[in-house]
$ cat coords19.pdb   # PDB, C-alpha atoms
MODEL        1
ATOM      1  CA  MET A 134       4.251  17.902   5.720
ATOM      2  CA  PRO A 135       7.961  17.111   5.534
ATOM      3  CA  LEU A 136       9.577  16.888   2.121
ATOM      4  CA  ILE A 137      10.599  13.242   2.635
ATOM      5  CA  GLN A 138       6.991  12.275   3.354
ATOM      6  CA  LEU A 139       5.840  14.140   0.244
ATOM      7  CA  LEU A 140       8.397  12.283  -1.872
ATOM      8  CA  GLU A 141       7.343   8.957  -0.351
ATOM      9  CA  VAL A 142       3.709   9.610  -1.277
ATOM     10  CA  LEU A 143       4.699  10.561  -4.830
ATOM     11  CA  VAL A 144       6.793   7.393  -5.201
ATOM     12  CA  VAL A 145       3.972   5.192  -3.865
ATOM     13  CA  VAL A 146       1.403   6.799  -6.189
ATOM     14  CA  GLY A 147       3.801   6.458  -9.122
ATOM     15  CA  VAL A 148       4.518   2.802  -8.417
ATOM     16  CA  LEU A 149       0.815   2.007  -7.976
ATOM     17  CA  LEU A 150      -0.027   3.752 -11.247
ATOM     18  CA  TRP A 151       2.789   1.900 -13.006
ATOM     19  CA  LEU A 152       1.550  -1.440 -11.620
ATOM     20  CA  VAL A 153      -1.994  -0.725 -12.797
ATOM     21  CA  ASN A 154      -0.755   0.325 -16.246
ATOM     22  CA  ARG A 155       1.586  -2.654 -16.549
ATOM     23  CA  PHE A 156      -0.417  -5.571 -15.195
ATOM     24  CA  ILE A 157      -4.113  -4.735 -15.585
ATOM     25  CA  PRO A 158      -5.293  -5.073 -19.177
ATOM     26  CA  MET A 159      -7.249  -1.998 -20.282
ATOM     27  CA  GLN A 160      -8.019  -0.176 -23.475
ATOM     28  CA  GLY A 161      -5.652   2.665 -24.283
ATOM     29  CA  THR A 162      -8.311   5.344 -23.888
ATOM     30  CA  ILE A 163      -9.329   4.128 -20.439
ATOM     31  CA  LYS A 164      -5.680   3.938 -19.412
ATOM     32  CA  SER A 165      -4.992   7.489 -20.548
ATOM     33  CA  ILE A 166      -8.103   8.787 -18.753
ATOM     34  CA  LEU A 167      -7.010   7.017 -15.572
ATOM     35  CA  ASN A 168      -3.510   8.465 -15.876
ATOM     36  CA  GLY A 169      -4.909  11.956 -16.422
ATOM     37  CA  VAL A 170      -7.218  11.742 -13.409
ATOM     38  CA  VAL A 171      -4.401  10.530 -11.167
ATOM     39  CA  VAL A 172      -2.014  13.253 -12.373
ATOM     40  CA  ILE A 173      -4.628  15.987 -11.873
ATOM     41  CA  ALA A 174      -5.467  14.677  -8.389
ATOM     42  CA  VAL A 175      -1.785  14.570  -7.399
ATOM     43  CA  VAL A 176      -1.148  18.086  -8.729
ATOM     44  CA  LEU A 177      -4.152  19.446  -6.803
ATOM     45  CA  TRP A 178      -3.007  17.626  -3.669
ATOM     46  CA  ILE A 179       0.518  19.050  -3.976
ATOM     47  CA  MET A 180      -0.886  22.538  -4.513
ATOM     48  CA  ASN A 181      -2.970  22.100  -1.376
ATOM     49  CA  VAL A 182       0.039  20.846   0.618
ATOM     50  CA  PHE A 183       2.079  23.908  -0.345
ATOM     51  CA  GLY A 184      -0.843  26.263   0.318
ATOM     52  CA  LEU A 185      -1.304  27.329  -3.294
ATOM     53  CA  PHE A 186      -4.822  25.967  -3.464
ATOM     54  CA  HIS A 187      -6.136  26.479   0.064
ATOM     55  CA  SER A 188      -9.784  26.461  -1.009
ATOM     56  CA  LEU A 189      -9.487  22.690  -1.614
ATOM     57  CA  SER A 190      -9.669  22.066   2.123
ATOM     58  CA  SER A 191     -13.162  23.594   2.306
ATOM     59  CA  ILE A 192     -14.627  21.026  -0.114
ATOM     60  CA  HIS A 193     -16.580  18.249   1.611
ATOM     61  CA  VAL A 194     -18.040  15.181  -0.046
ATOM     62  CA  GLY A 195     -21.170  13.656   1.418
ATOM     63  CA  LYS A 196     -22.924  14.533   4.645
ATOM     64  CA  GLY A 197     -20.740  15.926   7.321
TER      65      GLY A 197
ENDMDL
END

$ encode --input "coords19.pdb" --output "structure tokens"
Amino acid sequence: MPLIQLLEVLVVVGVLLWLVNRFIPMQGTIKSILNGVVVIAVVLWIMNVFGLFHSLSSIHVGKG
């Protein structure tokens, strides 16, 4: 994955998370849990993109 594409994905995820935090009314605890889940998912995805967490690609959800 090219670096520009990686940066574009990070910007889109950041903007979407900012929009959710800014314009959707939520309790503070729910908002912090949502932020934590998104950050963890993005970190795992980046680790997988750079090959640091290659076992992530073997995980399948549902029947396949």

$ atom_distance --input "coords19.pdb" --atom1 "CA of Ile163 (chain A)" --atom2 "CA of Val144 (chain A)"
22.4 Å

$ atom_distance --input "coords19.pdb" --atom1 "CA of Val182 (chain A)" --atom2 "CA of Asn168 (chain A)"
20.9 Å

$ closest_residue --input "coords19.pdb" --among "A:Leu185, A:Val170, A:Val194, A:Val176" --to "Leu150 (chain A)" --atoms "all atoms listed in the file"
A:Val170

$ atom_distance --input "coords19.pdb" --atom1 "CA of Lys196 (chain A)" --atom2 "CA of Val172 (chain A)"
27.0 Å

$ closest_residue --input "coords19.pdb" --among "A:Arg155, A:Val148, A:Val142, A:Gly161" --to "Trp178 (chain A)" --atoms "all atoms listed in the file"
A:Val142

$ resolve_selection --input "coords19.pdb" --expression "the PyMOL selection byres ((chain A and resi 179) around 12)" --output "MDAnalysis selection string"
chainID A and resid 134 136 138:140 142:143 172:178 180:187 189

$ decode --input "coords19.pdb" --residues "chain A" --atoms "C-alpha atoms" --output "PDB file, in the first residue's frame"
ATOM      1  CA  MET A 134       0.000   0.000   0.000  1.00  0.00           C
ATOM      2  CA  PRO A 135       1.505   3.346  -0.981  1.00  0.00           C
ATOM      3  CA  LEU A 136       2.217   5.863   1.752  1.00  0.00           C
ATOM      4  CA  ILE A 137      -0.154   8.453   0.245  1.00  0.00           C
ATOM      5  CA  GLN A 138      -3.025   5.958   0.336  1.00  0.00           C
ATOM      6  CA  LEU A 139      -2.213   5.111   3.956  1.00  0.00           C
ATOM      7  CA  LEU A 140      -2.270   8.800   4.880  1.00  0.00           C
ATOM      8  CA  GLU A 141      -5.570   9.280   3.047  1.00  0.00           C
ATOM      9  CA  VAL A 142      -7.158   6.442   5.026  1.00  0.00           C
ATOM     10  CA  LEU A 143      -5.855   7.887   8.301  1.00  0.00           C
ATOM     11  CA  VAL A 144      -7.226  11.341   7.437  1.00  0.00           C
ATOM     12  CA  VAL A 145     -10.637   9.914   6.483  1.00  0.00           C
ATOM     13  CA  VAL A 146     -10.849   7.850   9.689  1.00  0.00           C
ATOM     14  CA  GLY A 147      -9.773  10.871  11.738  1.00  0.00           C
ATOM     15  CA  VAL A 148     -12.327  13.167  10.130  1.00  0.00           C
ATOM     16  CA  LEU A 149     -15.116  10.600  10.544  1.00  0.00           C
ATOM     17  CA  LEU A 150     -14.225  10.110  14.207  1.00  0.00           C
ATOM     18  CA  TRP A 151     -14.123  13.875  14.728  1.00  0.00           C
ATOM     19  CA  LEU A 152     -17.545  14.266  13.068  1.00  0.00           C
ATOM     20  CA  VAL A 153     -19.032  11.548  15.273  1.00  0.00           C
ATOM     21  CA  ASN A 154     -17.503  13.095  18.403  1.00  0.00           C
ATOM     22  CA  ARG A 155     -18.576  16.616  17.448  1.00  0.00           C
ATOM     23  CA  PHE A 156     -22.096  16.199  16.111  1.00  0.00           C
ATOM     24  CA  ILE A 157     -23.564  13.034  17.640  1.00  0.00           C
ATOM     25  CA  PRO A 158     -24.569  13.522  21.268  1.00  0.00           C
ATOM     26  CA  MET A 159     -23.213  10.722  23.464  1.00  0.00           C
ATOM     27  CA  GLN A 160     -22.216  10.218  27.050  1.00  0.00           C
ATOM     28  CA  GLY A 161     -18.540  10.772  27.761  1.00  0.00           C
ATOM     29  CA  THR A 162     -17.895   7.139  28.653  1.00  0.00           C
ATOM     30  CA  ILE A 163     -19.431   5.852  25.429  1.00  0.00           C
ATOM     31  CA  LYS A 164     -17.457   8.416  23.445  1.00  0.00           C
ATOM     32  CA  SER A 165     -14.179   7.402  25.060  1.00  0.00           C
ATOM     33  CA  ILE A 166     -14.903   3.699  24.472  1.00  0.00           C
ATOM     34  CA  LEU A 167     -15.671   4.426  20.820  1.00  0.00           C
ATOM     35  CA  ASN A 168     -12.465   6.436  20.466  1.00  0.00           C
ATOM     36  CA  GLY A 169     -10.440   3.651  22.074  1.00  0.00           C
ATOM     37  CA  VAL A 170     -11.914   0.974  19.812  1.00  0.00           C
ATOM     38  CA  VAL A 171     -11.238   3.041  16.697  1.00  0.00           C
ATOM     39  CA  VAL A 172      -7.652   3.808  17.753  1.00  0.00           C
ATOM     40  CA  ILE A 173      -6.934   0.146  18.545  1.00  0.00           C
ATOM     41  CA  ALA A 174      -8.443  -0.966  15.221  1.00  0.00           C
ATOM     42  CA  VAL A 175      -6.383   1.592  13.281  1.00  0.00           C
ATOM     43  CA  VAL A 176      -3.166   0.623  15.085  1.00  0.00           C
ATOM     44  CA  LEU A 177      -3.776  -3.076  14.357  1.00  0.00           C
ATOM     45  CA  TRP A 178      -4.554  -2.265  10.726  1.00  0.00           C
ATOM     46  CA  ILE A 179      -1.354  -0.222  10.362  1.00  0.00           C
ATOM     47  CA  MET A 180       0.667  -3.013  11.961  1.00  0.00           C
ATOM     48  CA  ASN A 181      -0.858  -5.437   9.478  1.00  0.00           C
ATOM     49  CA  VAL A 182      -0.110  -3.115   6.537  1.00  0.00           C
ATOM     50  CA  PHE A 183       3.555  -2.882   7.526  1.00  0.00           C
ATOM     51  CA  GLY A 184       3.788  -6.631   8.169  1.00  0.00           C
ATOM     52  CA  LEU A 185       4.343  -6.344  11.911  1.00  0.00           C
ATOM     53  CA  PHE A 186       1.190  -8.255  12.734  1.00  0.00           C
ATOM     54  CA  HIS A 187       0.891 -10.734   9.870  1.00  0.00           C
ATOM     55  CA  SER A 188      -1.253 -13.169  11.854  1.00  0.00           C
ATOM     56  CA  LEU A 189      -4.160 -10.691  11.569  1.00  0.00           C
ATOM     57  CA  SER A 190      -4.726 -11.754   7.972  1.00  0.00           C
ATOM     58  CA  SER A 191      -5.504 -15.332   9.049  1.00  0.00           C
ATOM     59  CA  ILE A 192      -8.477 -14.249  11.192  1.00  0.00           C
ATOM     60  CA  HIS A 193     -11.850 -14.828   9.521  1.00  0.00           C
ATOM     61  CA  VAL A 194     -15.217 -13.727  10.840  1.00  0.00           C
ATOM     62  CA  GLY A 195     -18.255 -15.803   9.988  1.00  0.00           C
ATOM     63  CA  LYS A 196     -18.517 -18.717   7.601  1.00  0.00           C
ATOM     64  CA  GLY A 197     -16.081 -18.695   4.784  1.00  0.00           C
TER      65      GLY A 197
END
